[in-house]
$ cat my_file.csv   # CSV, C-alpha atoms
chain,number,residue,atom,x,y,z
A,1,MET,CA,93.0,3.6,48.2
A,2,VAL,CA,93.4,3.3,51.9
A,3,PHE,CA,92.0,6.7,52.9
A,4,LYS,CA,89.2,6.8,50.3
A,5,ARG,CA,85.7,7.3,51.7
A,6,ARG,CA,83.5,4.2,51.3
A,7,ASP,CA,80.3,6.4,51.0
A,8,ARG,CA,80.8,9.1,48.5
A,9,ARG,CA,79.2,12.4,49.6
A,10,GLY,CA,77.4,14.5,47.0
A,11,PHE,CA,77.8,18.2,46.6
A,12,TRP,CA,74.8,19.1,48.7
A,13,ALA,CA,75.8,16.6,51.4
A,14,SER,CA,79.2,18.3,51.6
A,15,VAL,CA,77.6,21.7,51.8
A,16,ARG,CA,75.1,20.5,54.5
A,17,GLU,CA,77.9,19.1,56.6
A,18,ALA,CA,79.9,22.3,56.2
A,19,LEU,CA,77.0,24.3,57.6
A,20,TRP,CA,76.0,21.7,60.2
A,21,PRO,CA,78.4,18.8,61.0
A,22,LYS,CA,77.1,15.4,61.8
A,23,MET,CA,78.6,15.6,65.3
A,24,GLY,CA,76.9,19.0,65.8
A,25,TRP,CA,78.5,22.3,66.5
A,26,THR,CA,78.7,21.6,70.3
A,27,ARG,CA,80.8,18.5,69.8
A,28,ALA,CA,82.8,20.2,67.1
A,29,PHE,CA,83.6,23.0,69.5
A,30,HIS,CA,84.8,20.5,72.2
A,31,TYR,CA,86.9,18.8,69.5
A,32,VAL,CA,88.6,22.0,68.6
A,33,LYS,CA,89.1,22.9,72.3
A,34,HIS,CA,90.8,19.6,73.0
A,35,ARG,CA,93.0,20.0,69.9
A,36,VAL,CA,94.1,23.4,71.1
A,37,ASN,CA,94.8,22.2,74.6
A,38,ARG,CA,96.9,19.3,73.2
A,39,LEU,CA,99.2,21.5,71.1
A,40,PRO,CA,102.8,21.0,72.1
A,41,ASP,CA,103.7,24.6,72.9
A,42,ARG,CA,103.8,27.0,75.8
A,43,PRO,CA,100.5,28.2,77.0
A,44,HIS,CA,101.0,31.9,76.3
A,45,ARG,CA,102.0,31.2,72.7
A,46,ILE,CA,98.9,29.0,72.2
A,47,ALA,CA,96.7,31.7,73.8
A,48,ARG,CA,98.2,34.3,71.4
A,49,GLY,CA,97.3,32.1,68.5
A,50,VAL,CA,93.7,31.9,69.9
A,51,PHE,CA,93.7,35.7,70.0
A,52,ALA,CA,94.7,35.9,66.3
A,53,GLY,CA,92.2,33.3,65.1
A,54,VAL,CA,89.2,34.9,67.0
A,55,PHE,CA,90.1,38.4,65.9
A,56,VAL,CA,90.3,37.4,62.2
A,57,SER,CA,86.8,35.8,62.5
A,58,PHE,CA,85.4,39.3,62.8
A,59,THR,CA,86.9,40.5,59.5
A,60,PRO,CA,85.3,40.1,56.0
A,61,LEU,CA,88.4,38.4,54.6
A,62,PHE,CA,86.5,35.3,53.6
A,63,GLY,CA,88.7,32.8,52.0
A,64,PHE,CA,91.8,34.3,53.6
A,65,HIS,CA,91.0,33.7,57.3
A,66,PHE,CA,93.5,30.9,57.7
A,67,LEU,CA,96.3,32.9,56.0
A,68,SER,CA,95.4,36.1,57.9
A,69,ALA,CA,95.2,34.3,61.3
A,70,ALA,CA,98.6,32.6,60.7
A,71,THR,CA,100.2,35.9,59.7
A,72,ILE,CA,98.9,37.7,62.8
A,73,ALA,CA,100.0,34.8,65.0
A,74,TRP,CA,103.5,34.8,63.4
A,75,ILE,CA,103.8,38.6,64.1
A,76,MET,CA,102.6,38.1,67.7
A,77,ARG,CA,104.9,35.1,68.1
A,78,GLY,CA,101.9,32.9,68.8
A,79,ASN,CA,101.1,29.3,67.8
A,80,ILE,CA,100.1,29.3,64.1
A,81,LEU,CA,98.1,26.0,64.4
A,82,ALA,CA,96.2,27.4,67.3
A,83,ALA,CA,95.3,30.5,65.3
A,84,ILE,CA,94.0,28.4,62.4
A,85,LEU,CA,91.9,26.3,64.8
A,86,ALA,CA,90.6,29.4,66.6
A,87,THR,CA,89.1,30.7,63.3
A,88,PHE,CA,86.4,28.1,64.1
A,89,PHE,CA,85.0,31.0,66.3
A,90,GLY,CA,83.5,32.2,63.0
A,91,ASN,CA,81.0,29.6,61.8
A,92,PRO,CA,77.6,29.5,60.1
A,93,VAL,CA,76.0,29.9,63.6
A,94,THR,CA,78.0,33.0,64.6
A,95,PHE,CA,78.7,34.6,61.2
A,96,PRO,CA,75.2,36.2,60.8
A,97,LEU,CA,75.5,37.9,64.2
A,98,ILE,CA,79.1,39.0,63.5
A,99,ALA,CA,78.3,40.3,60.0
A,100,VAL,CA,75.2,42.2,61.0
A,101,GLY,CA,76.6,43.7,64.1
A,102,SER,CA,80.0,44.6,62.5
A,103,THR,CA,78.3,46.2,59.5
A,104,LYS,CA,75.9,48.3,61.5
A,105,LEU,CA,78.7,49.4,63.9
A,106,GLY,CA,80.9,50.2,60.9
A,107,HIS,CA,78.3,52.5,59.4
A,108,ILE,CA,78.0,54.3,62.7
A,109,LEU,CA,81.8,54.7,63.0
A,110,LEU,CA,82.1,55.9,59.4
A,111,GLY,CA,79.3,58.4,60.0
A,112,ASP,CA,77.2,56.8,57.2
A,113,ARG,CA,73.4,56.6,57.8
A,114,PHE,CA,73.0,54.1,55.0
A,115,ASP,CA,70.7,51.2,56.0
A,116,PRO,CA,70.8,48.2,53.6
A,117,GLY,CA,67.4,47.1,54.9
A,118,VAL,CA,65.8,50.3,54.0
A,119,HIS,CA,67.5,51.4,50.8
A,120,GLU,CA,68.7,48.8,48.4
A,121,GLY,CA,68.8,45.7,50.5
A,122,ILE,CA,71.8,43.6,51.4
A,123,LEU,CA,70.8,40.8,49.0
A,124,GLN,CA,70.6,43.2,46.1
A,125,THR,CA,74.0,44.6,46.9
A,126,PHE,CA,75.6,41.1,46.8
A,127,GLN,CA,73.7,40.3,43.6
A,128,ALA,CA,75.0,43.5,41.9
A,129,ALA,CA,78.6,42.7,43.0
A,130,SER,CA,78.3,39.2,41.8
A,131,HIS,CA,76.9,40.4,38.5
A,132,ASP,CA,79.9,42.7,38.0
A,133,LEU,CA,82.4,40.0,38.8
A,134,LEU,CA,80.9,37.6,36.3
A,135,HIS,CA,80.4,40.3,33.7
A,136,ASN,CA,84.0,41.6,34.1
A,137,PHE,CA,85.3,38.0,33.8
A,138,TRP,CA,83.7,37.5,30.4
A,139,ALA,CA,84.7,41.1,29.4
A,140,MET,CA,88.3,39.9,29.3
A,141,PHE,CA,87.4,37.7,26.4
A,142,THR,CA,84.8,39.9,24.7
A,143,PRO,CA,84.6,43.5,23.5
A,144,ALA,CA,82.3,44.3,26.4
A,145,HIS,CA,83.4,47.0,28.9
A,146,ALA,CA,84.0,46.3,32.5
A,147,GLU,CA,81.4,47.4,35.0
A,148,TRP,CA,82.3,48.5,38.6
A,149,GLY,CA,79.2,50.1,40.0
A,150,GLY,CA,78.0,47.0,41.8
A,151,LEU,CA,81.4,46.3,43.3
A,152,GLU,CA,81.8,49.9,44.3
A,153,ARG,CA,78.5,49.8,46.2
A,154,PHE,CA,79.4,46.5,47.8
A,155,PHE,CA,82.7,47.9,49.0
A,156,ALA,CA,81.2,51.2,50.3
A,157,ASP,CA,78.0,49.8,51.8
A,158,VAL,CA,79.1,46.3,53.0
A,159,TRP,CA,82.8,45.4,52.9
A,160,LEU,CA,84.3,48.6,54.3
A,161,PRO,CA,81.8,49.0,57.2
A,162,TYR,CA,82.1,45.3,58.0
A,163,MET,CA,85.9,45.7,58.1
A,164,VAL,CA,85.9,48.8,60.2
A,165,GLY,CA,83.0,47.7,62.5
A,166,GLY,CA,84.6,44.3,63.1
A,167,LEU,CA,87.8,45.7,64.6
A,168,ILE,CA,86.4,46.8,68.0
A,169,PRO,CA,84.3,43.7,68.8
A,170,GLY,CA,87.1,41.5,67.2
A,171,VAL,CA,89.7,42.9,69.7
A,172,ILE,CA,87.3,42.6,72.6
A,173,ALA,CA,86.3,39.0,71.8
A,174,ALA,CA,89.9,38.0,71.1
A,175,THR,CA,91.1,39.5,74.3
A,176,ILE,CA,88.4,37.7,76.3
A,177,CYS,CA,89.3,34.4,74.6
A,178,TYR,CA,93.0,35.0,75.3
A,179,TYR,CA,92.5,35.5,79.1
A,180,VAL,CA,90.0,32.7,79.3
A,181,SER,CA,92.1,30.2,77.3
A,182,LEU,CA,95.5,30.9,79.0
A,183,PRO,CA,94.7,29.5,82.5
A,184,ILE,CA,92.7,26.6,80.9
A,185,ILE,CA,95.6,25.6,78.7
A,186,SER,CA,98.1,26.0,81.6
A,187,ALA,CA,95.9,23.8,83.9
A,188,TYR,CA,95.4,21.2,81.2
A,189,GLN,CA,99.1,20.9,80.4
A,190,LYS,CA,99.9,20.7,84.1
A,191,ARG,CA,97.4,17.9,84.7
A,192,ARG,CA,98.7,16.1,81.6
A,193,ARG,CA,102.3,16.3,82.9
A,194,MET,CA,101.1,14.9,86.2
A,195,ARG,CA,99.3,12.0,84.5
A,196,LEU,CA,102.3,11.2,82.4
A,197,LYS,CA,104.6,11.3,85.4
A,198,ALA,CA,102.3,9.0,87.4
A,199,ARG,CA,102.1,6.6,84.5
A,200,LEU,CA,105.9,6.6,84.2
A,201,GLU,CA,106.3,5.9,87.9
A,202,LYS,CA,103.9,2.9,87.5
A,203,ILE,CA,105.9,1.5,84.7
A,204,ARG,CA,109.1,1.9,86.6
A,205,ALA,CA,107.6,0.2,89.6
A,206,LYS,CA,106.6,-2.8,87.5
A,207,LEU,CA,110.1,-3.2,86.1
A,208,PRO,CA,112.2,-6.0,87.8
A,209,VAL,CA,114.9,-4.9,90.1
A,210,ARG,CA,118.3,-5.7,88.7
A,211,LYS,CA,120.7,-7.2,91.2
A,212,GLU,CA,124.4,-6.2,90.7
A,213,LYS,CA,126.7,-9.2,90.5
A,214,PRO,CA,129.8,-9.0,92.6
A,215,LEU,CA,133.1,-8.7,90.7
A,216,GLU,CA,135.7,-11.4,90.8
A,217,GLY,CA,138.1,-9.1,92.7
A,218,ASP,CA,135.4,-8.5,95.3
A,219,LYS,CA,134.9,-12.2,95.8
A,220,GLY,CA,138.6,-12.7,96.6
A,221,ARG,CA,138.6,-9.9,99.1
A,222,ASP,CA,135.6,-11.4,100.9
A,223,ILE,CA,137.4,-14.7,101.3
$ encode --input "my_file.csv" --output "structure tokens"
Amino acid sequence: MVFKRRDRRGFWASVREALWPKMGWTRAFHYVKHRVNRLPDRPHRIARGVFAGVFVSFTPLFGFHFLSAATIAWIMRGNILAAILATFFGNPVTFPLIAVGSTKLGHILLGDRFDPGVHEGILQTFQAASHDLLHNFWAMFTPAHAEWGGLERFFADVWLPYMVGGLIPGVIAATICYYVSLPIISAYQKRRRMRLKARLEKIRAKLPVRKEKPLEGDKGRDI
């Protein structure tokens, strides 16, 4: 096959590159930035897409970030591809900060003094939820009864506070990215149009000048 990789990556190599790309997160960020700037759309529509993608990065909708960002961008009449690319704002480097900050803020907003680090522990909460998911899956094929205690604790102690607490910093970060990206995209598109115009003028200057041949009637009049 033409597009088949010559060096097959193993499972752990794929996981490692997902967490830390070979090019590094700095180069990956610049790559996404150039892709956003090159999108063929009006600057304000691209900036709205950036807003949607950054905002969704602050939500615990893991596995649905692309779909959520595209939906919000569609509602805002923004660029959907820009929204999908902007979800890169949430990556293995920023997710720990986003998750911890959003969850703590969510507990404060909900008036809940629960502290996962003091009581049960965030890892144990995830383990209990995972246990319930696996147990309930097999319960569909066995006489065992479904268990929801771990999932209820995960929803109340992690997911809901994460969702509520991520709204405020999500809107703030998305708004900042919108107003920062809008002039950058506008300036980039303007420079690109100028470069294309200059290149077109150079091509036109190199073209040979076509001389118009006089018509037969014109020759007779000259005589």
$ residues_around --input "my_file.csv" --residues "Gly53 of chain A" --least-positions-apart "6" --cutoff "6 Å" --atoms "all atoms listed in the file" --output "list in words"
Ala69, Ala83, Ile84, Ala86 and Thr87 of chain A
$ closest_residue --input "my_file.csv" --among "A:Ala129, A:Ile176, A:Ala198, A:Ile108" --to "Phe154 of chain A" --atoms "all atoms listed in the file"
A:Ala129
$ closest_atom_pairs --input "my_file.csv" --of "segment 76-147 of chain A" --to "segment 37-49 of chain A" --cutoff "6 Å" --atoms "all atoms listed in the file" --output "Markdown table"
| residue | atom | partner | partner_atom | distance |
| --- | --- | --- | --- | --- |
| A:Gly78 | CA | A:Arg45 | CA | 4.3 |
| A:Asn79 | CA | A:Gly49 | CA | 4.8 |
| A:Ile80 | CA | A:Gly49 | CA | 5.9 |
| A:Ala82 | CA | A:Gly49 | CA | 5.0 |
| A:Ala83 | CA | A:Gly49 | CA | 4.1 |
$ atom_distance --input "my_file.csv" --atom1 "atom CA of Asp112 of chain A" --atom2 "atom CA of Pro161 of chain A"
9.1 Å
$ atom_distance --input "my_file.csv" --atom1 "atom CA of Leu196 of chain A" --atom2 "atom CA of Val180 of chain A"
25.0 Å
$ closest_residue --input "my_file.csv" --among "A:Gly90, A:Pro96, A:Gly106, A:Pro60" --to "Gly165 of chain A" --atoms "all atoms listed in the file"
A:Gly106
$ closest_residue --input "my_file.csv" --among "A:Ala146, A:Leu81, A:Met163, A:Ile184" --to "Leu133 of chain A" --atoms "all atoms listed in the file"
A:Ala146
$ atom_distance --input "my_file.csv" --atom1 "atom CA of Leu167 of chain A" --atom2 "atom CA of Ser130 of chain A"
25.5 Å
$ closest_residue --input "my_file.csv" --among "A:Thr103, A:Thr175, A:Trp74, A:His135" --to "Phe51 of chain A" --atoms "all atoms listed in the file"
A:Thr175
$ closest_residue --input "my_file.csv" --among "A:Val50, A:Ala128, A:Leu85, A:Leu61" --to "Trp159 of chain A" --atoms "all atoms listed in the file"
A:Leu61
$ residues_around --input "my_file.csv" --residues "His107 of chain A" --least-positions-apart "4" --cutoff "12 Å" --atoms "all atoms listed in the file" --output "list in words"
Val100, Gly101, Ser102, Thr103, Gly111, Asp112, Arg113, Phe114, Asp115, Pro116, Ala156, Asp157, Val158, Trp159, Leu160, Pro161, Tyr162, Met163, Val164, Gly165 and Gly166 of chain A
$ closest_residue --input "my_file.csv" --among "A:Phe141, A:Trp148, A:Phe88, A:Tyr188" --to "Ser57 of chain A" --atoms "all atoms listed in the file"
A:Phe88
